[in-house]
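Participant: A single structure is presented below for examination.
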Amino acid sequence: MLAKFVLSLGLLLGAGSLAFAPPAAAKIKVDDALMKTLDPDNDGTVDIKEAKAAAATEFKRLDKDNDGTLDAKELKGKLSKSQIKKADPDNDGTLDLNEYTAIVEKDFKAADPDNDGTLDKAELQSKKGQDFLKLV
Ligand SMILES: [Ca+2]
Ligand SMILES: [Ca+2]
Ligand SMILES: [Ca+2]
């Protein structure tokens with residue numbers, strides 16, 4: 001009886017962890033829909049030109065009050081306060097498109113360990129790749 005209980009409990013737990021896999025952490029899935037947005041020339045990788053274009057689109061989407069800069073509120077969930085500070089050389093507390101693109105470029109390079117100037121799916125799925133995806 002006990003053995004049976006333990007067994008069904010084990011099954012339950014097994015099923016439970018299956019249902020929760022992959023972990024609920026906000027991982028951005030690199031699927032066809034995402035690649036379609038990030039890879040308009042459809043060569044299966046994201047190059048720096050595509051990354052910058054995607055960053056500009058995302059910048060516009062994030063700039064809710066349309067003043068041409070992103071403040072901490074608009075960047076919420078994208079960049080931490082310290083990241084904003086680092087990316088904000090003129091220290092006015094907001095990022096303009098150039099400053100935003102500069103971070104995207106930095107994250108792009110960090111996510112490209114083989115240094116071929118493009119991010120493939122595996123690179124996009126890496127931890128650094130995920131940092132990059134958050135911004136585009
Ligand atoms: Ca491409
Ligand atoms: Ca704004
Ligand atoms: Ca690469």
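Every chain in the structure tokens has a letter given in the order shown (A, B, ...), and although residue numbers restart at 1 in each chain, ligands are simply numbered from 1 in the order shown.
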Which residues sit within 8 Å of ligand 1, counting only C-alpha atoms and all ligand atoms, listed as a list of chain:residue names?
Facilitator: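 Listing the residues within 8 Å of ligand 1 gives A:Leu38, A:Asp39, A:Pro40, A:Asp41, A:Asn42, A:Asp43, A:Gly44, A:Thr45, A:Val46, A:Asp47, A:Glu50, A:Thr118.
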Participant: Output the neighbourhood of ligand 3 as a list of chain:residue names, that is, all protein and nucleic acid residues with some atom at most 7 Å from the ligand, counting only C-alpha atoms and all ligand atoms.
Facilitator: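 Here is the list of contacting residues: A:Asp112, A:Pro113, A:Asp114, A:Asn115, A:Asp116, A:Gly117, A:Thr118, A:Leu119, A:Asp120, A:Glu123.
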Participant: Identify, on the basis of only C-alpha atoms, every residue whose closest approach to Ala87 (chain A) does not exceed 12 Å; exclude the query and any residue fewer than 6 positions from it along the same chain; express the result as a ChimeraX atom specification.
Facilitator: /A:70-72,79-81,93-107
Participant: Give the answer as one residue: which of A:Leu124, A:Met35, A:Leu75, A:Ala111 has the shortest atom-to-atom distance to ligand 2, using only C-alpha atoms and all ligand atoms?
Facilitator: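 Closest candidate: A:Leu75.
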Participant: Between CA of Leu62 (chain A) and CA of Ile84 (chain A), what distance in Å does the model show, to one decimal?
Facilitator: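 Interatomic distance here is 14.4 Å.
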Participant: With only C-alpha atoms and all ligand atoms as the atoms that count, which of A:Lys128, A:Lys76, A:Asp90, A:Ser82 lies nearest to ligand 2?
Facilitator: A:Lys76
Participant: Enumerate residues in contact with ligand 2: an atom-to-atom distance of at most 7 Å, counting only C-alpha atoms and all ligand atoms. Format the result as an MDAnalysis selection string.
Facilitator: chainID A and resid 63:71 74
Participant: Can you write just those residues out, C-alpha atoms, as a PDB file, in the first residue's frame?
Facilitator:
```
ATOM      1  CA  ASP A  63       8.833  55.159 -26.300  1.00  0.00           C
ATOM      2  CA  LYS A  64       5.242  55.457 -25.168  1.00  0.00           C
ATOM      3  CA  ASP A  65       5.246  59.231 -24.728  1.00  0.00           C
ATOM      4  CA  ASN A  66       6.988  59.636 -28.056  1.00  0.00           C
ATOM      5  CA  ASP A  67       9.592  62.099 -26.843  1.00  0.00           C
ATOM      6  CA  GLY A  68      12.468  60.349 -28.596  1.00  0.00           C
ATOM      7  CA  THR A  69      14.031  59.005 -25.414  1.00  0.00           C
ATOM      8  CA  LEU A  70      13.433  56.070 -23.126  1.00  0.00           C
ATOM      9  CA  ASP A  71      13.248  56.809 -19.427  1.00  0.00           C
ATOM     10  CA  GLU A  74       9.696  52.994 -20.347  1.00  0.00           C
TER      11      GLU A  74
END
```
Participant: So the first atom is CA of Pro89 (chain A) and the second is CA of Ser126 (chain A); what is the distance between them in Å, to one decimal place?
Facilitator: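 Distance reported for this atom pair: 28.2 Å.
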Participant: Using the chain letters and numbers from this document, which residues of chain A does DSSP assign to strand (DSSP E), as a PyMOL selection string?
Facilitator: chain A and resi 46-47+69-70+95-96+118-119
Participant: Selected residues, N, CA and C atoms, written as an mmCIF file, in the first residue's frame, please.
Facilitator:
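Just written: result38.cif:
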```
data_model
loop_
_atom_site.group_PDB
_atom_site.id
_atom_site.type_symbol
_atom_site.label_atom_id
_atom_site.label_comp_id
_atom_site.auth_asym_id
_atom_site.auth_seq_id
_atom_site.Cartn_x
_atom_site.Cartn_y
_atom_site.Cartn_z
ATOM 1 N N VAL A 46 20.912 36.470 -37.589
ATOM 2 C CA VAL A 46 20.681 37.903 -37.402
ATOM 3 C C VAL A 46 22.020 38.608 -37.513
ATOM 4 N N ASP A 47 22.156 39.517 -38.487
ATOM 5 C CA ASP A 47 23.398 40.276 -38.574
ATOM 6 C C ASP A 47 23.204 41.634 -37.891
ATOM 7 N N THR A 69 13.128 59.630 -26.372
ATOM 8 C CA THR A 69 14.031 59.005 -25.414
ATOM 9 C C THR A 69 13.269 57.985 -24.581
ATOM 10 N N LEU A 70 14.022 57.053 -24.034
ATOM 11 C CA LEU A 70 13.433 56.070 -23.126
ATOM 12 C C LEU A 70 13.872 56.391 -21.705
ATOM 13 N N LEU A 95 17.617 57.204 -22.249
ATOM 14 C CA LEU A 95 18.430 56.743 -23.366
ATOM 15 C C LEU A 95 17.802 57.213 -24.670
ATOM 16 N N ASP A 96 18.612 57.831 -25.509
ATOM 17 C CA ASP A 96 18.114 58.136 -26.849
ATOM 18 C C ASP A 96 18.418 56.949 -27.762
ATOM 19 N N THR A 118 27.364 37.363 -37.163
ATOM 20 C CA THR A 118 25.941 37.039 -37.184
ATOM 21 C C THR A 118 25.604 36.206 -35.953
ATOM 22 N N LEU A 119 24.341 36.264 -35.559
ATOM 23 C CA LEU A 119 23.861 35.414 -34.481
ATOM 24 C C LEU A 119 22.978 34.330 -35.083
#
```
Participant: Show me, as a list of chain:residue names, the residues that have an atom within 9 Å of Ala54 (chain A) when counting only C-alpha atoms, minus same-chain residues fewer than 5 positions from it.
Facilitator: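 Contacts, with the query itself left out: A:Thr37, A:Leu38, A:Lys49, A:Phe59, A:Leu135, A:Val136.
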Participant: Could you write out that same residue set with N, CA and C atoms as a PDB file, in the first residue's frame?
Facilitator:
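Result file is result01.pdb:
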```
ATOM      1  N   THR A  37      10.771  38.185 -37.647  1.00  0.00           N
ATOM      2  CA  THR A  37      10.901  39.594 -37.293  1.00  0.00           C
ATOM      3  C   THR A  37      12.358  40.039 -37.344  1.00  0.00           C
ATOM      4  N   LEU A  38      13.247  39.187 -36.795  1.00  0.00           N
ATOM      5  CA  LEU A  38      14.641  39.605 -36.624  1.00  0.00           C
ATOM      6  C   LEU A  38      15.493  39.349 -37.854  1.00  0.00           C
ATOM      7  N   LYS A  49      23.099  44.626 -38.966  1.00  0.00           N
ATOM      8  CA  LYS A  49      22.144  45.542 -39.608  1.00  0.00           C
ATOM      9  C   LYS A  49      20.716  45.188 -39.204  1.00  0.00           C
ATOM     10  N   PHE A  59      12.686  50.354 -29.999  1.00  0.00           N
ATOM     11  CA  PHE A  59      12.822  51.656 -29.340  1.00  0.00           C
ATOM     12  C   PHE A  59      11.538  52.468 -29.507  1.00  0.00           C
ATOM     13  N   LEU A 135      16.240  43.163 -25.795  1.00  0.00           N
ATOM     14  CA  LEU A 135      16.280  44.572 -26.201  1.00  0.00           C
ATOM     15  C   LEU A 135      15.776  44.803 -27.618  1.00  0.00           C
ATOM     16  N   VAL A 136      15.510  43.734 -28.347  1.00  0.00           N
ATOM     17  CA  VAL A 136      15.103  43.938 -29.752  1.00  0.00           C
ATOM     18  C   VAL A 136      13.694  43.423 -30.010  1.00  0.00           C
TER      19      VAL A 136
END
```
